[in-house]
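Notes for the one structure printed next.
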Amino acid sequence: SGYTCPSVFPPHANVPCPDGSFYLENMDAHGGWITSAPDLLRFMEAVDGRPGRPDLLTPESIATMTARPNLPQWPAGANYWYAFGWGVYPSGSMAHEGALDGTRSVLFRSWYQGLAWTVLVNAWPWQQDQAFSQALFNGLQQAAQTTTTWPTHDLFDLFVANEPESGAPDGFALSTGAPNPFRDRTTFALALGAPQTVSVRAYDMLGREVAVLHEGPLTAGTHRLTFEGDRLPGGVYVLQVRGDGVQESRRVTLTR
């Protein structure tokens, strides 16, 4: 926004508000999680009360968590209420939003097609927050309504980075792409402690396969894998490597 604020850190000089107006590490539960959009959706899947993935909470706990409080500001027939951490709508949708200088987020369970979504943004136009928040909701709702074909497989598998245990016999390790972000190509190092059959594939954010970097046996040692992105649109891609009983993923950003 261009605004400055007194820093909470000595010598308390004026700084751009995102760069010192709050002490995130001291906030505990309020801002104490470091997470990603896929992990926030995993959290939603674990507390949403919908069939499919198992919930961490009982149906009774979920009902209590989302019930309309018996408070004057939330009368019977209200089209919205704030429950235990969730804004809840009679349709069955629920949401939690948050903002700090330089960051804005929303986590939403929609009634529409049983969808849930989240957005993490590294900006907060606080003077237009209501319009900004509504634009996020409207944009994603429109995207959902205009999507006619959805992936039929579980995309969460693309967002798992299993670091090898100490002393793993196969020494399976995949580096982060270099450079990252990249323009036309980025290179990964795959270290194998033992020969094995390896599949290396790249996917876009909808889980569509866009490249096969290797398919077949590899010897022990370090192998260089190059992901060519010169014919792909800009965006985030996932490189997934499967070995003998081991899987790792890395995300890279292609810029244009």
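We label chains A, B, ... in the order they appear in the structure tokens, count residues from 1 in each chain, and number ligands from 1 in the order shown.
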field: Test item: residues at most 8 Å from A:Leu239, only C-alpha atoms, excluding those fewer than 6 positions along its chain, as a list of chain:residue names
entry: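 My list of contacting residues is A:Val200, A:Arg201, A:Ala202, A:Tyr203, A:Ser249, A:Arg250, A:Arg251, A:Val252.
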Close residues, A:Trp150 itself excluded, 10 Å, only C-alpha atoms, min 6 positions apart in chain, as number ranges by chain
A: 144, 206-207
I want to know what sits within 12 Å of stretch 234-237 of chain A, based on only C-alpha atoms, with residues of the same chain fewer than 5 positions away left out; could you give that as a PyMOL selection string?
chain A and resi 158-159+177+180-186+201-211+227-229+249-256
Per-residue DSSP, stretch 122-189 of chain A, filtered to helix (DSSP H, G or I), as a PDB file with all heavy atoms, in the first residue's frame:
```pdb
ATOM      1  N   TRP A 126      -5.684  -3.015   2.494  1.00  0.00           N
ATOM      2  CA  TRP A 126      -6.629  -2.971   3.611  1.00  0.00           C
ATOM      3  C   TRP A 126      -7.698  -1.902   3.457  1.00  0.00           C
ATOM      4  O   TRP A 126      -8.794  -2.034   4.006  1.00  0.00           O
ATOM      5  CB  TRP A 126      -5.880  -2.781   4.929  1.00  0.00           C
ATOM      6  CG  TRP A 126      -4.993  -1.578   5.005  1.00  0.00           C
ATOM      7  CD1 TRP A 126      -3.676  -1.516   4.663  1.00  0.00           C
ATOM      8  CD2 TRP A 126      -5.350  -0.281   5.448  1.00  0.00           C
ATOM      9  NE1 TRP A 126      -3.184  -0.255   4.862  1.00  0.00           N
ATOM     10  CE2 TRP A 126      -4.193   0.540   5.345  1.00  0.00           C
ATOM     11  CE3 TRP A 126      -6.530   0.301   5.929  1.00  0.00           C
ATOM     12  CZ2 TRP A 126      -4.183   1.878   5.698  1.00  0.00           C
ATOM     13  CZ3 TRP A 126      -6.526   1.640   6.285  1.00  0.00           C
ATOM     14  CH2 TRP A 126      -5.366   2.416   6.165  1.00  0.00           C
ATOM     15  N   GLN A 127      -7.415  -0.858   2.698  1.00  0.00           N
ATOM     16  CA  GLN A 127      -8.439   0.168   2.520  1.00  0.00           C
ATOM     17  C   GLN A 127      -9.583  -0.305   1.634  1.00  0.00           C
ATOM     18  O   GLN A 127     -10.671   0.266   1.651  1.00  0.00           O
ATOM     19  CB  GLN A 127      -7.819   1.435   1.941  1.00  0.00           C
ATOM     20  CG  GLN A 127      -6.919   2.176   2.914  1.00  0.00           C
ATOM     21  CD  GLN A 127      -6.359   3.448   2.317  1.00  0.00           C
ATOM     22  OE1 GLN A 127      -5.837   3.437   1.200  1.00  0.00           O
ATOM     23  NE2 GLN A 127      -6.468   4.548   3.051  1.00  0.00           N
ATOM     24  N   GLN A 128      -9.340  -1.326   0.855  1.00  0.00           N
ATOM     25  CA  GLN A 128     -10.378  -1.912  -0.001  1.00  0.00           C
ATOM     26  C   GLN A 128     -10.572  -3.386   0.353  1.00  0.00           C
ATOM     27  O   GLN A 128     -10.814  -4.218  -0.517  1.00  0.00           O
ATOM     28  CB  GLN A 128      -9.997  -1.784  -1.486  1.00  0.00           C
ATOM     29  CG  GLN A 128      -9.886  -0.356  -1.995  1.00  0.00           C
ATOM     30  CD  GLN A 128      -8.501   0.225  -1.763  1.00  0.00           C
ATOM     31  OE1 GLN A 128      -7.515  -0.480  -1.778  1.00  0.00           O
ATOM     32  NE2 GLN A 128      -8.432   1.524  -1.540  1.00  0.00           N
ATOM     33  N   ASP A 129     -10.444  -3.716   1.653  1.00  0.00           N
ATOM     34  CA  ASP A 129     -10.421  -5.134   2.041  1.00  0.00           C
ATOM     35  C   ASP A 129     -11.707  -5.858   1.674  1.00  0.00           C
ATOM     36  O   ASP A 129     -11.675  -6.985   1.190  1.00  0.00           O
ATOM     37  CB  ASP A 129     -10.167  -5.268   3.546  1.00  0.00           C
ATOM     38  CG  ASP A 129     -10.077  -6.735   3.957  1.00  0.00           C
ATOM     39  OD1 ASP A 129      -9.132  -7.405   3.521  1.00  0.00           O
ATOM     40  OD2 ASP A 129     -10.969  -7.213   4.696  1.00  0.00           O
ATOM     41  N   GLN A 130     -12.856  -5.230   1.907  1.00  0.00           N
ATOM     42  CA  GLN A 130     -14.115  -5.911   1.613  1.00  0.00           C
ATOM     43  C   GLN A 130     -14.237  -6.218   0.124  1.00  0.00           C
ATOM     44  O   GLN A 130     -14.626  -7.323  -0.259  1.00  0.00           O
ATOM     45  CB  GLN A 130     -15.304  -5.066   2.076  1.00  0.00           C
ATOM     46  CG  GLN A 130     -16.643  -5.783   1.900  1.00  0.00           C
ATOM     47  CD  GLN A 130     -17.797  -5.014   2.526  1.00  0.00           C
ATOM     48  OE1 GLN A 130     -17.602  -3.966   3.131  1.00  0.00           O
ATOM     49  NE2 GLN A 130     -19.005  -5.524   2.393  1.00  0.00           N
ATOM     50  N   ALA A 131     -13.884  -5.253  -0.712  1.00  0.00           N
ATOM     51  CA  ALA A 131     -13.944  -5.476  -2.156  1.00  0.00           C
ATOM     52  C   ALA A 131     -12.927  -6.514  -2.583  1.00  0.00           C
ATOM     53  O   ALA A 131     -13.190  -7.363  -3.455  1.00  0.00           O
ATOM     54  CB  ALA A 131     -13.706  -4.164  -2.902  1.00  0.00           C
ATOM     55  N   PHE A 132     -11.741  -6.486  -1.965  1.00  0.00           N
ATOM     56  CA  PHE A 132     -10.690  -7.447  -2.297  1.00  0.00           C
ATOM     57  C   PHE A 132     -11.123  -8.862  -1.924  1.00  0.00           C
ATOM     58  O   PHE A 132     -10.976  -9.806  -2.709  1.00  0.00           O
ATOM     59  CB  PHE A 132      -9.410  -7.060  -1.558  1.00  0.00           C
ATOM     60  CG  PHE A 132      -8.211  -7.903  -1.901  1.00  0.00           C
ATOM     61  CD1 PHE A 132      -7.702  -7.929  -3.186  1.00  0.00           C
ATOM     62  CD2 PHE A 132      -7.573  -8.657  -0.930  1.00  0.00           C
ATOM     63  CE1 PHE A 132      -6.592  -8.686  -3.510  1.00  0.00           C
ATOM     64  CE2 PHE A 132      -6.466  -9.424  -1.236  1.00  0.00           C
ATOM     65  CZ  PHE A 132      -5.969  -9.434  -2.523  1.00  0.00           C
ATOM     66  N   SER A 133     -11.686  -9.008  -0.717  1.00  0.00           N
ATOM     67  CA  SER A 133     -12.164 -10.314  -0.268  1.00  0.00           C
ATOM     68  C   SER A 133     -13.277 -10.832  -1.178  1.00  0.00           C
ATOM     69  O   SER A 133     -13.290 -12.008  -1.572  1.00  0.00           O
ATOM     70  CB  SER A 133     -12.669 -10.222   1.170  1.00  0.00           C
ATOM     71  OG  SER A 133     -13.264 -11.436   1.584  1.00  0.00           O
ATOM     72  N   GLN A 134     -14.199  -9.953  -1.533  1.00  0.00           N
ATOM     73  CA  GLN A 134     -15.300 -10.369  -2.399  1.00  0.00           C
ATOM     74  C   GLN A 134     -14.790 -10.766  -3.772  1.00  0.00           C
ATOM     75  O   GLN A 134     -15.307 -11.713  -4.394  1.00  0.00           O
ATOM     76  CB  GLN A 134     -16.323  -9.236  -2.532  1.00  0.00           C
ATOM     77  CG  GLN A 134     -17.657  -9.673  -3.128  1.00  0.00           C
ATOM     78  CD  GLN A 134     -18.354 -10.713  -2.274  1.00  0.00           C
ATOM     79  OE1 GLN A 134     -18.526 -10.532  -1.066  1.00  0.00           O
ATOM     80  NE2 GLN A 134     -18.756 -11.819  -2.883  1.00  0.00           N
ATOM     81  N   ALA A 135     -13.755 -10.080  -4.260  1.00  0.00           N
ATOM     82  CA  ALA A 135     -13.184 -10.439  -5.557  1.00  0.00           C
ATOM     83  C   ALA A 135     -12.568 -11.835  -5.521  1.00  0.00           C
ATOM     84  O   ALA A 135     -12.670 -12.598  -6.487  1.00  0.00           O
ATOM     85  CB  ALA A 135     -12.141  -9.409  -5.974  1.00  0.00           C
ATOM     86  N   LEU A 136     -11.932 -12.193  -4.400  1.00  0.00           N
ATOM     87  CA  LEU A 136     -11.375 -13.536  -4.262  1.00  0.00           C
ATOM     88  C   LEU A 136     -12.480 -14.587  -4.334  1.00  0.00           C
ATOM     89  O   LEU A 136     -12.381 -15.574  -5.070  1.00  0.00           O
ATOM     90  CB  LEU A 136     -10.629 -13.667  -2.935  1.00  0.00           C
ATOM     91  CG  LEU A 136      -9.307 -12.923  -2.776  1.00  0.00           C
ATOM     92  CD1 LEU A 136      -8.746 -13.164  -1.384  1.00  0.00           C
ATOM     93  CD2 LEU A 136      -8.310 -13.376  -3.828  1.00  0.00           C
ATOM     94  N   PHE A 137     -13.545 -14.368  -3.551  1.00  0.00           N
ATOM     95  CA  PHE A 137     -14.651 -15.324  -3.534  1.00  0.00           C
ATOM     96  C   PHE A 137     -15.303 -15.419  -4.910  1.00  0.00           C
ATOM     97  O   PHE A 137     -15.548 -16.514  -5.423  1.00  0.00           O
ATOM     98  CB  PHE A 137     -15.695 -14.917  -2.492  1.00  0.00           C
ATOM     99  CG  PHE A 137     -15.341 -15.312  -1.096  1.00  0.00           C
ATOM    100  CD1 PHE A 137     -14.729 -14.417  -0.233  1.00  0.00           C
ATOM    101  CD2 PHE A 137     -15.623 -16.586  -0.626  1.00  0.00           C
ATOM    102  CE1 PHE A 137     -14.401 -14.775   1.055  1.00  0.00           C
ATOM    103  CE2 PHE A 137     -15.301 -16.960   0.671  1.00  0.00           C
ATOM    104  CZ  PHE A 137     -14.686 -16.049   1.513  1.00  0.00           C
ATOM    105  N   ASN A 138     -15.598 -14.275  -5.502  1.00  0.00           N
ATOM    106  CA  ASN A 138     -16.291 -14.280  -6.785  1.00  0.00           C
ATOM    107  C   ASN A 138     -15.446 -14.925  -7.872  1.00  0.00           C
ATOM    108  O   ASN A 138     -15.954 -15.682  -8.710  1.00  0.00           O
ATOM    109  CB  ASN A 138     -16.659 -12.852  -7.197  1.00  0.00           C
ATOM    110  CG  ASN A 138     -17.731 -12.251  -6.309  1.00  0.00           C
ATOM    111  OD1 ASN A 138     -18.383 -12.969  -5.548  1.00  0.00           O
ATOM    112  ND2 ASN A 138     -17.911 -10.952  -6.386  1.00  0.00           N
ATOM    113  N   GLY A 139     -14.144 -14.627  -7.874  1.00  0.00           N
ATOM    114  CA  GLY A 139     -13.275 -15.181  -8.894  1.00  0.00           C
ATOM    115  C   GLY A 139     -13.187 -16.696  -8.823  1.00  0.00           C
ATOM    116  O   GLY A 139     -13.264 -17.391  -9.840  1.00  0.00           O
ATOM    117  N   LEU A 140     -13.058 -17.227  -7.609  1.00  0.00           N
ATOM    118  CA  LEU A 140     -12.955 -18.679  -7.467  1.00  0.00           C
ATOM    119  C   LEU A 140     -14.295 -19.353  -7.702  1.00  0.00           C
ATOM    120  O   LEU A 140     -14.366 -20.445  -8.261  1.00  0.00           O
ATOM    121  CB  LEU A 140     -12.408 -19.020  -6.082  1.00  0.00           C
ATOM    122  CG  LEU A 140     -10.921 -18.722  -5.943  1.00  0.00           C
ATOM    123  CD1 LEU A 140     -10.478 -18.788  -4.499  1.00  0.00           C
ATOM    124  CD2 LEU A 140     -10.103 -19.690  -6.779  1.00  0.00           C
ATOM    125  N   GLN A 141     -15.377 -18.722  -7.271  1.00  0.00           N
ATOM    126  CA  GLN A 141     -16.699 -19.277  -7.546  1.00  0.00           C
ATOM    127  C   GLN A 141     -16.945 -19.344  -9.053  1.00  0.00           C
ATOM    128  O   GLN A 141     -17.453 -20.354  -9.575  1.00  0.00           O
ATOM    129  CB  GLN A 141     -17.775 -18.425  -6.884  1.00  0.00           C
ATOM    130  CG  GLN A 141     -19.189 -19.010  -6.962  1.00  0.00           C
ATOM    131  CD  GLN A 141     -19.397 -20.160  -5.984  1.00  0.00           C
ATOM    132  OE1 GLN A 141     -18.694 -20.258  -4.994  1.00  0.00           O
ATOM    133  NE2 GLN A 141     -20.343 -21.019  -6.281  1.00  0.00           N
ATOM    134  N   GLN A 142     -16.558 -18.302  -9.765  1.00  0.00           N
ATOM    135  CA  GLN A 142     -16.732 -18.300 -11.214  1.00  0.00           C
ATOM    136  C   GLN A 142     -15.857 -19.361 -11.869  1.00  0.00           C
ATOM    137  O   GLN A 142     -16.288 -20.060 -12.793  1.00  0.00           O
ATOM    138  CB  GLN A 142     -16.394 -16.923 -11.774  1.00  0.00           C
ATOM    139  CG  GLN A 142     -16.598 -16.809 -13.291  1.00  0.00           C
ATOM    140  CD  GLN A 142     -16.272 -15.423 -13.820  1.00  0.00           C
ATOM    141  OE1 GLN A 142     -15.778 -14.580 -13.076  1.00  0.00           O
ATOM    142  NE2 GLN A 142     -16.536 -15.185 -15.080  1.00  0.00           N
ATOM    143  N   ALA A 143     -14.629 -19.498 -11.388  1.00  0.00           N
ATOM    144  CA  ALA A 143     -13.748 -20.526 -11.944  1.00  0.00           C
ATOM    145  C   ALA A 143     -14.330 -21.920 -11.739  1.00  0.00           C
ATOM    146  O   ALA A 143     -14.275 -22.773 -12.632  1.00  0.00           O
ATOM    147  CB  ALA A 143     -12.368 -20.420 -11.293  1.00  0.00           C
ATOM    148  N   ALA A 144     -14.907 -22.142 -10.548  1.00  0.00           N
ATOM    149  CA  ALA A 144     -15.506 -23.460 -10.274  1.00  0.00           C
ATOM    150  C   ALA A 144     -16.707 -23.723 -11.174  1.00  0.00           C
ATOM    151  O   ALA A 144     -16.871 -24.817 -11.708  1.00  0.00           O
ATOM    152  CB  ALA A 144     -15.921 -23.532  -8.802  1.00  0.00           C
ATOM    153  N   GLN A 145     -17.531 -22.713 -11.364  1.00  0.00           N
ATOM    154  CA  GLN A 145     -18.748 -22.893 -12.154  1.00  0.00           C
ATOM    155  C   GLN A 145     -18.450 -23.090 -13.636  1.00  0.00           C
ATOM    156  O   GLN A 145     -19.242 -23.700 -14.351  1.00  0.00           O
ATOM    157  CB  GLN A 145     -19.674 -21.697 -11.956  1.00  0.00           C
ATOM    158  CG  GLN A 145     -20.255 -21.619 -10.555  1.00  0.00           C
ATOM    159  CD  GLN A 145     -21.039 -20.344 -10.314  1.00  0.00           C
ATOM    160  OE1 GLN A 145     -20.996 -19.410 -11.110  1.00  0.00           O
ATOM    161  NE2 GLN A 145     -21.752 -20.283  -9.200  1.00  0.00           N
ATOM    162  N   THR A 146     -17.325 -22.560 -14.108  1.00  0.00           N
ATOM    163  CA  THR A 146     -16.992 -22.699 -15.525  1.00  0.00           C
ATOM    164  C   THR A 146     -16.091 -23.901 -15.799  1.00  0.00           C
ATOM    165  O   THR A 146     -15.741 -24.158 -16.949  1.00  0.00           O
ATOM    166  CB  THR A 146     -16.290 -21.425 -16.043  1.00  0.00           C
ATOM    167  OG1 THR A 146     -15.146 -21.146 -15.226  1.00  0.00           O
ATOM    168  CG2 THR A 146     -17.241 -20.241 -15.986  1.00  0.00           C
ATOM    169  N   LEU A 155      -4.810 -35.269  -6.328  1.00  0.00           N
ATOM    170  CA  LEU A 155      -3.701 -34.353  -6.588  1.00  0.00           C
ATOM    171  C   LEU A 155      -2.844 -34.107  -5.352  1.00  0.00           C
ATOM    172  O   LEU A 155      -1.727 -33.588  -5.471  1.00  0.00           O
ATOM    173  CB  LEU A 155      -4.242 -33.010  -7.094  1.00  0.00           C
ATOM    174  CG  LEU A 155      -5.023 -33.041  -8.405  1.00  0.00           C
ATOM    175  CD1 LEU A 155      -5.390 -31.626  -8.821  1.00  0.00           C
ATOM    176  CD2 LEU A 155      -4.235 -33.709  -9.504  1.00  0.00           C
ATOM    177  N   PHE A 156      -3.326 -34.445  -4.171  1.00  0.00           N
ATOM    178  CA  PHE A 156      -2.507 -34.246  -2.977  1.00  0.00           C
ATOM    179  C   PHE A 156      -1.195 -35.009  -3.078  1.00  0.00           C
ATOM    180  O   PHE A 156      -0.189 -34.609  -2.488  1.00  0.00           O
ATOM    181  CB  PHE A 156      -3.262 -34.677  -1.719  1.00  0.00           C
ATOM    182  CG  PHE A 156      -4.232 -33.648  -1.202  1.00  0.00           C
ATOM    183  CD1 PHE A 156      -5.495 -34.026  -0.802  1.00  0.00           C
ATOM    184  CD2 PHE A 156      -3.874 -32.315  -1.110  1.00  0.00           C
ATOM    185  CE1 PHE A 156      -6.394 -33.079  -0.311  1.00  0.00           C
ATOM    186  CE2 PHE A 156      -4.764 -31.361  -0.628  1.00  0.00           C
ATOM    187  CZ  PHE A 156      -6.024 -31.750  -0.226  1.00  0.00           C
ATOM    188  N   ASP A 157      -1.183 -36.129  -3.816  1.00  0.00           N
ATOM    189  CA  ASP A 157       0.049 -36.898  -3.946  1.00  0.00           C
ATOM    190  C   ASP A 157       1.163 -36.109  -4.618  1.00  0.00           C
ATOM    191  O   ASP A 157       2.344 -36.437  -4.483  1.00  0.00           O
ATOM    192  CB  ASP A 157      -0.204 -38.180  -4.745  1.00  0.00           C
ATOM    193  CG  ASP A 157      -0.961 -39.222  -3.946  1.00  0.00           C
ATOM    194  OD1 ASP A 157      -1.033 -39.065  -2.710  1.00  0.00           O
ATOM    195  OD2 ASP A 157      -1.482 -40.179  -4.545  1.00  0.00           O
ATOM    196  N   LEU A 158       0.801 -35.066  -5.376  1.00  0.00           N
ATOM    197  CA  LEU A 158       1.817 -34.250  -6.043  1.00  0.00           C
ATOM    198  C   LEU A 158       2.511 -33.297  -5.079  1.00  0.00           C
ATOM    199  O   LEU A 158       3.532 -32.710  -5.411  1.00  0.00           O
ATOM    200  CB  LEU A 158       1.188 -33.436  -7.175  1.00  0.00           C
ATOM    201  CG  LEU A 158       0.614 -34.212  -8.357  1.00  0.00           C
ATOM    202  CD1 LEU A 158      -0.013 -33.250  -9.346  1.00  0.00           C
ATOM    203  CD2 LEU A 158       1.699 -35.027  -9.031  1.00  0.00           C
ATOM    204  N   PHE A 159       1.956 -33.129  -3.894  1.00  0.00           N
ATOM    205  CA  PHE A 159       2.473 -32.122  -2.971  1.00  0.00           C
ATOM    206  C   PHE A 159       3.058 -32.756  -1.723  1.00  0.00           C
ATOM    207  O   PHE A 159       2.949 -32.224  -0.633  1.00  0.00           O
ATOM    208  CB  PHE A 159       1.359 -31.139  -2.602  1.00  0.00           C
ATOM    209  CG  PHE A 159       0.842 -30.387  -3.790  1.00  0.00           C
ATOM    210  CD1 PHE A 159      -0.272 -30.839  -4.466  1.00  0.00           C
ATOM    211  CD2 PHE A 159       1.492 -29.265  -4.256  1.00  0.00           C
ATOM    212  CE1 PHE A 159      -0.748 -30.163  -5.576  1.00  0.00           C
ATOM    213  CE2 PHE A 159       1.025 -28.587  -5.358  1.00  0.00           C
ATOM    214  CZ  PHE A 159      -0.094 -29.031  -6.021  1.00  0.00           C
TER     215      PHE A 159
END
```
From a DSSP pass on the backbone, collect the residues of stretch 40-206 of chain A flagged as strand (DSSP E) and hand them back as a ChimeraX atom specification. /A:81-82,87-88,94-100,103-109,116-121,173-174,185-192,196-203
- Within 7 Å of A:Pro6 using only C-alpha atoms, minus same-chain residues under 6 positions, as a VMD selection string: chain A and resid 12 to 15 21
Export, as a tab-separated table (two decimals), in the first residue's frame, the selected residues with N, CA and C atoms.
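Written output follows (selection-v3.tsv):
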```tsv
chain	number	residue	atom	x	y	z
A	12	HIS	N	12.72	1.06	16.40
A	12	HIS	CA	11.32	1.47	16.23
A	12	HIS	C	11.15	2.60	15.22
A	13	ALA	N	11.97	2.59	14.20
A	13	ALA	CA	11.84	3.58	13.14
A	13	ALA	C	10.67	3.23	12.24
A	14	ASN	N	10.21	4.18	11.45
A	14	ASN	CA	9.16	3.92	10.49
A	14	ASN	C	9.70	3.04	9.36
A	15	VAL	N	8.94	1.98	9.04
A	15	VAL	CA	9.31	1.05	7.98
A	15	VAL	C	8.06	0.75	7.17
A	21	SER	N	5.75	-4.10	11.33
A	21	SER	CA	4.66	-3.61	12.17
A	21	SER	C	4.08	-4.70	13.06
```
**Report entry** Interatomic distance (Å, one decimal) between atom CA of A:Arg224 and atom CA of A:Ala178
**Finding:**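 That distance, rounded to one decimal, is 10.9 Å.
Distances here use only C-alpha atoms; by that measure, the residue among A:Tyr112, A:Tyr82, A:Phe188, A:Phe43 closest to A:Met65 is A:Tyr82.
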Nearest to A:Thr148 among A:Ser7, A:Gln247, A:Gln113, A:Ser93, with distances taken over only C-alpha atoms: which residue is it?
->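 Smallest separation from A:Thr148 among the options: A:Gln113.
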Excluding stretch 94-107 of chain A and its own-chain neighbours fewer than 2 positions away, which residues fall within 7 Å of it when counting only C-alpha atoms? Please give them as a CSV table (one decimal) with N, CA and C atoms, in the first residue's frame.
```csv
chain,number,residue,atom,x,y,z
A,17,CYS,N,4.9,-1.1,6.3
A,17,CYS,CA,4.2,-1.8,7.3
A,17,CYS,C,4.4,-3.3,7.3
A,18,PRO,N,4.5,-4.0,6.1
A,18,PRO,CA,4.8,-5.4,6.1
A,18,PRO,C,6.1,-5.8,6.7
A,85,GLY,N,-14.5,-20.2,15.4
A,85,GLY,CA,-13.4,-20.1,14.4
A,85,GLY,C,-13.8,-20.1,13.0
A,86,TRP,N,-15.1,-20.2,12.7
A,86,TRP,CA,-15.6,-20.3,11.3
A,86,TRP,C,-16.8,-19.4,11.1
A,87,GLY,N,-16.7,-18.7,10.0
A,87,GLY,CA,-17.9,-18.0,9.5
A,87,GLY,C,-18.8,-19.0,8.8
A,88,VAL,N,-20.0,-19.2,9.2
A,88,VAL,CA,-20.9,-20.2,8.7
A,88,VAL,C,-22.1,-19.7,8.1
A,89,TYR,N,-22.6,-20.3,7.0
A,89,TYR,CA,-23.8,-19.9,6.2
A,89,TYR,C,-24.8,-21.0,6.3
A,92,GLY,N,-24.5,-24.3,4.4
A,92,GLY,CA,-23.5,-25.3,4.7
A,92,GLY,C,-22.1,-24.9,4.4
A,109,ARG,N,-15.1,-23.6,2.6
A,109,ARG,CA,-15.8,-24.8,2.2
A,109,ARG,C,-17.1,-24.4,1.5
A,110,SER,N,-17.3,-24.7,0.3
A,110,SER,CA,-18.5,-24.2,-0.5
A,110,SER,C,-19.5,-25.3,-0.5
A,117,TRP,N,-11.7,-24.5,-1.1
A,117,TRP,CA,-10.6,-23.8,-1.7
A,117,TRP,C,-9.9,-22.9,-0.7
A,118,THR,N,-8.7,-22.5,-1.1
A,118,THR,CA,-7.9,-21.6,-0.2
A,118,THR,C,-7.1,-20.7,-1.1
A,119,VAL,N,-6.9,-19.5,-0.7
A,119,VAL,CA,-6.0,-18.5,-1.4
A,119,VAL,C,-5.1,-17.9,-0.4
A,120,LEU,N,-3.8,-17.8,-0.7
A,120,LEU,CA,-2.8,-17.1,0.1
A,120,LEU,C,-2.2,-16.0,-0.8
A,121,VAL,N,-2.3,-14.8,-0.3
A,121,VAL,CA,-1.8,-13.7,-1.2
A,121,VAL,C,-0.8,-12.9,-0.4
A,122,ASN,N,0.3,-12.5,-1.1
A,122,ASN,CA,1.3,-11.7,-0.4
A,122,ASN,C,1.1,-10.2,-0.5
A,123,ALA,N,-0.2,-9.8,-0.3
A,123,ALA,CA,-0.5,-8.4,-0.3
A,123,ALA,C,-1.8,-8.2,0.5
A,124,TRP,N,-2.0,-7.0,1.0
A,124,TRP,CA,-3.3,-6.7,1.7
A,124,TRP,C,-3.7,-5.3,1.4
```
| said: If I take atom CA of A:Cys5 and atom CA of A:Trp33, how far is one from the other in Å, to one decimal? | reply: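 The value is 24.3 Å.
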Residues within 10 Å of A:Thr64, only C-alpha atoms, excluding chain neighbours under 6 positions, as a list of chain:residue names: A:Thr58, A:Ala83, A:Phe84
